[in-house]
>>> print(open('target38.tsv').read())   # TSV, C-alpha atoms
chain	number	residue	atom	x	y	z
A	21	MET	CA	105.07	-36.95	78.52
A	22	PRO	CA	108.49	-37.71	77.02
A	23	GLY	CA	108.28	-37.30	73.24
A	24	GLY	CA	104.53	-36.64	73.36
A	25	LEU	CA	103.69	-40.23	74.27
A	26	LEU	CA	100.41	-41.11	75.95
A	27	THR	CA	99.75	-43.85	78.46
A	28	ILE	CA	96.95	-46.24	77.63
A	29	GLY	CA	94.74	-44.48	80.20
A	30	GLU	CA	95.44	-41.07	78.70
A	31	LEU	CA	94.70	-42.31	75.19
A	32	ALA	CA	91.50	-43.98	76.39
A	33	ARG	CA	90.29	-40.75	78.05
A	34	CYS	CA	91.28	-38.66	75.05
A	35	ALA	CA	89.47	-40.97	72.60
A	36	GLY	CA	86.50	-41.76	74.83
A	37	VAL	CA	87.02	-45.53	74.89
A	38	THR	CA	88.04	-48.07	77.50
A	39	THR	CA	91.59	-49.30	77.90
A	40	SER	CA	90.37	-52.82	77.10
A	41	ALA	CA	89.05	-51.52	73.75
A	42	LEU	CA	92.49	-50.12	72.96
A	43	ARG	CA	94.13	-53.43	73.82
A	44	TYR	CA	91.60	-55.21	71.61
A	45	TYR	CA	92.23	-52.80	68.69
A	46	GLU	CA	95.93	-53.45	69.15
A	47	GLU	CA	95.36	-57.22	69.23
A	48	LEU	CA	93.37	-57.01	65.96
A	49	GLY	CA	96.08	-54.91	64.32
A	50	LEU	CA	93.94	-51.78	64.07
A	51	LEU	CA	96.38	-49.93	66.32
A	52	PRO	CA	100.11	-50.45	65.84
A	53	PRO	CA	101.93	-51.96	68.81
A	54	PRO	CA	102.97	-49.14	71.13
A	55	VAL	CA	106.43	-48.64	72.51
A	56	ARG	CA	106.90	-49.84	76.05
A	57	ILE	CA	108.47	-47.79	78.78
A	58	SER	CA	109.04	-49.70	82.00
A	59	GLY	CA	106.60	-52.31	80.66
A	60	GLN	CA	103.80	-49.77	80.10
A	61	ARG	CA	102.26	-49.04	76.72
A	62	ARG	CA	103.04	-45.58	75.34
A	63	TYR	CA	101.19	-44.36	72.28
A	64	PRO	CA	102.08	-41.44	70.04
A	65	GLU	CA	99.56	-38.61	70.11
A	66	SER	CA	98.62	-39.56	66.54
A	67	ALA	CA	97.07	-42.78	67.92
A	68	ALA	CA	94.08	-40.69	69.04
A	69	ARG	CA	93.27	-40.01	65.37
A	70	LEU	CA	93.47	-43.72	64.60
A	71	VAL	CA	91.04	-44.49	67.43
A	72	ALA	CA	88.74	-41.72	66.20
A	73	ALA	CA	88.85	-43.28	62.71
A	74	ILE	CA	87.94	-46.68	64.21
A	75	LEU	CA	84.98	-45.10	66.00
A	76	LEU	CA	83.91	-43.23	62.87
A	77	TYR	CA	84.04	-46.40	60.78
A	78	SER	CA	82.05	-48.20	63.48
A	79	ASP	CA	79.45	-45.42	63.49
A	80	ALA	CA	79.14	-45.90	59.72
A	81	GLY	CA	78.47	-49.60	60.22
A	82	PHE	CA	81.83	-51.11	59.33
A	83	THR	CA	82.81	-54.17	61.35
A	84	LEU	CA	86.25	-54.31	62.92
A	85	ALA	CA	87.29	-56.89	60.32
A	86	GLU	CA	86.17	-54.54	57.54
A	87	GLN	CA	88.07	-51.72	59.21
A	88	LYS	CA	91.19	-53.82	59.27
A	89	ALA	CA	90.83	-54.33	55.52
A	90	LEU	CA	90.28	-50.59	55.06
A	91	MET	CA	93.42	-49.75	57.03
A	92	ALA	CA	95.60	-52.52	55.60
A	93	PRO	CA	98.24	-51.87	53.00
A	94	ARG	CA	96.91	-52.73	49.56
A	95	ASP	CA	97.86	-56.39	49.25
A	96	GLY	CA	95.02	-57.63	47.12
A	97	THR	CA	92.36	-56.68	49.67
A	98	PRO	CA	89.39	-54.69	48.40
A	99	GLY	CA	89.93	-50.94	48.41
A	100	TRP	CA	87.93	-48.24	50.17
A	101	ARG	CA	85.43	-47.79	47.33
A	102	GLN	CA	84.67	-51.50	47.00
A	103	LEU	CA	84.14	-51.91	50.73
A	104	ALA	CA	82.09	-48.71	50.93
A	105	GLN	CA	79.86	-49.81	48.03
A	106	ARG	CA	79.32	-53.20	49.67
A	107	LYS	CA	78.54	-51.53	53.01
A	108	LEU	CA	76.13	-49.12	51.33
A	109	ALA	CA	74.25	-52.05	49.78
A	110	GLU	CA	74.08	-53.75	53.21
A	111	LEU	CA	72.76	-50.57	54.81
A	112	ASP	CA	70.15	-50.14	52.07
A	113	GLU	CA	68.99	-53.70	52.74
A	114	GLN	CA	68.83	-53.10	56.51
A	115	ILE	CA	66.89	-49.88	55.98
A	116	ALA	CA	64.40	-51.63	53.69
A	117	ARG	CA	63.88	-54.40	56.27
A	118	ALA	CA	63.43	-51.85	59.06
A	119	GLN	CA	60.95	-49.84	56.99
A	120	ALA	CA	58.94	-52.98	56.18
A	121	ALA	CA	58.92	-53.91	59.87
A	122	ARG	CA	57.79	-50.41	60.84
A	123	GLU	CA	54.95	-50.49	58.32
A	124	ALA	CA	53.86	-53.97	59.38
A	125	ILE	CA	53.78	-52.89	63.02
A	126	ARG	CA	51.85	-49.71	62.14
A	127	HIS	CA	49.30	-51.77	60.25
A	128	GLY	CA	49.12	-54.24	63.11
A	129	LEU	CA	48.36	-51.42	65.54
A	130	ARG	CA	45.45	-50.38	63.36
A	131	CYS	CA	44.09	-53.94	63.24
A	132	PRO	CA	40.60	-54.22	64.77
A	133	HIS	CA	41.43	-57.63	66.28
A	134	GLU	CA	42.39	-57.45	69.95
A	135	ASP	CA	44.40	-60.66	69.48
A	136	ILE	CA	46.71	-60.16	66.48
A	137	THR	CA	46.91	-63.93	65.96
A	138	GLN	CA	43.22	-63.85	65.00
A	139	CYS	CA	43.85	-61.36	62.19
A	140	PRO	CA	43.60	-62.89	58.70
A	141	ASN	CA	46.37	-60.59	57.47
A	142	PHE	CA	48.69	-61.67	60.29
A	143	ASN	CA	47.98	-65.30	59.47
A	144	ALA	CA	48.61	-64.63	55.78
A	145	GLY	CA	51.96	-63.18	56.83
A	146	ILE	CA	52.76	-66.34	58.78
A	147	THR	CA	51.88	-68.47	55.76
A	148	ALA	CA	54.04	-66.30	53.52
A	149	ARG	CA	56.94	-66.55	55.98
A	150	LEU	CA	56.63	-70.33	56.06
A	151	ALA	CA	56.84	-70.21	52.27
A	152	GLY	CA	60.15	-68.38	52.58
A	153	GLN	CA	58.99	-64.85	51.79
A	154	PRO	CA	60.63	-62.03	53.73
A	155	LEU	CA	58.38	-59.60	55.59
A	156	SER	CA	58.94	-56.83	53.05
A	157	GLN	CA	57.68	-58.98	50.18
A	158	SER	CA	54.71	-60.54	51.96
A	159	HIS	CA	53.64	-57.24	53.47
A	160	GLN	CA	53.82	-55.49	50.11
A	161	GLN	CA	51.77	-58.24	48.46
A	162	LEU	CA	49.22	-58.21	51.24
A	163	HIS	CA	48.80	-54.45	51.45
A	164	GLY	CA	49.75	-53.27	47.97
A	165	GLN	CA	46.16	-52.78	46.72
A	166	ARG	CA	44.10	-54.32	49.48
A	167	PHE	CA	45.26	-52.06	52.32
A	168	HIS	CA	44.13	-48.93	50.54
A	169	GLU	CA	40.70	-50.48	50.02
A	170	SER	CA	40.17	-51.38	53.68
A	171	PRO	CA	42.30	-49.17	55.94
A	172	GLY	CA	40.81	-50.57	59.17
A	173	VAL	CA	42.43	-54.00	58.69
A	174	ALA	CA	46.09	-54.78	59.36
>>> encode(input="target38.tsv", output="structure tokens")
Amino acid sequence: MPGGLLTIGELARCAGVTTSALRYYEELGLLPPPVRISGQRRYPESAARLVAAILLYSDAGFTLAEQKALMAPRDGTPGWRQLAQRKLAELDEQIARAQAAREAIRHGLRCPHEDITQCPNFNAGITARLAGQPLSQSHQQLHGQRFHESPGVA
């Protein structure tokens, strides 16, 4: 290619994304506007690293809007460390919710009731949820001491 420029298709293949994803990243400002040759987008080879960074940030859980803030020039937007700390707190919260859900399901599978809606513990969980308690809190209260005393009940 002249000057090491890639077509949108070449960049998409190189980065492992669709051409529509590249157009969307460009529209959001995550990719700088490419030069046009005969009306076709031409990206510098360095654009592949930018796309890889977008994918890496996505893998780490950053939204595209957060990525835009990460890549933006420092104009009063939070820096990398602030965004990373916020994302880490979000991930910790998601992990805690997933772990509580996993434990609740495990306990439910050990429940002797064929119909889970007949289980007193399940119904206590419903009551707690109606009272605004998240699963992690109600499950911990329900099974903190009691579960160890009667392992056959959910």
>>> residues_around(input="target38.tsv", residues="region 76-93 of chain A", least_positions_apart="2", cutoff="12 Å", atoms="all atoms listed in the file", output="PyMOL selection string")
chain A and resi 35+41+44-52+69-74+95-112+114
>>> atom_distance(input="target38.tsv", atom1="CA of Ile115 (chain A)", atom2="CA of Gln161 (chain A)")
18.8 Å
>>> atom_distance(input="target38.tsv", atom1="CA of Leu25 (chain A)", atom2="CA of Val37 (chain A)")
17.5 Å
>>> atom_distance(input="target38.tsv", atom1="CA of Pro53 (chain A)", atom2="CA of Arg33 (chain A)")
18.6 Å
>>> residues_near_point(input="target38.tsv", point="(98.6, -41.1, 73.1)", cutoff="7 Å", atoms="all atoms listed in the file", output="list in words")
Leu25, Leu26, Thr27, Glu30, Leu31, Arg62, Tyr63, Pro64, Glu65, Ser66, Ala67 and Ala68 of chain A
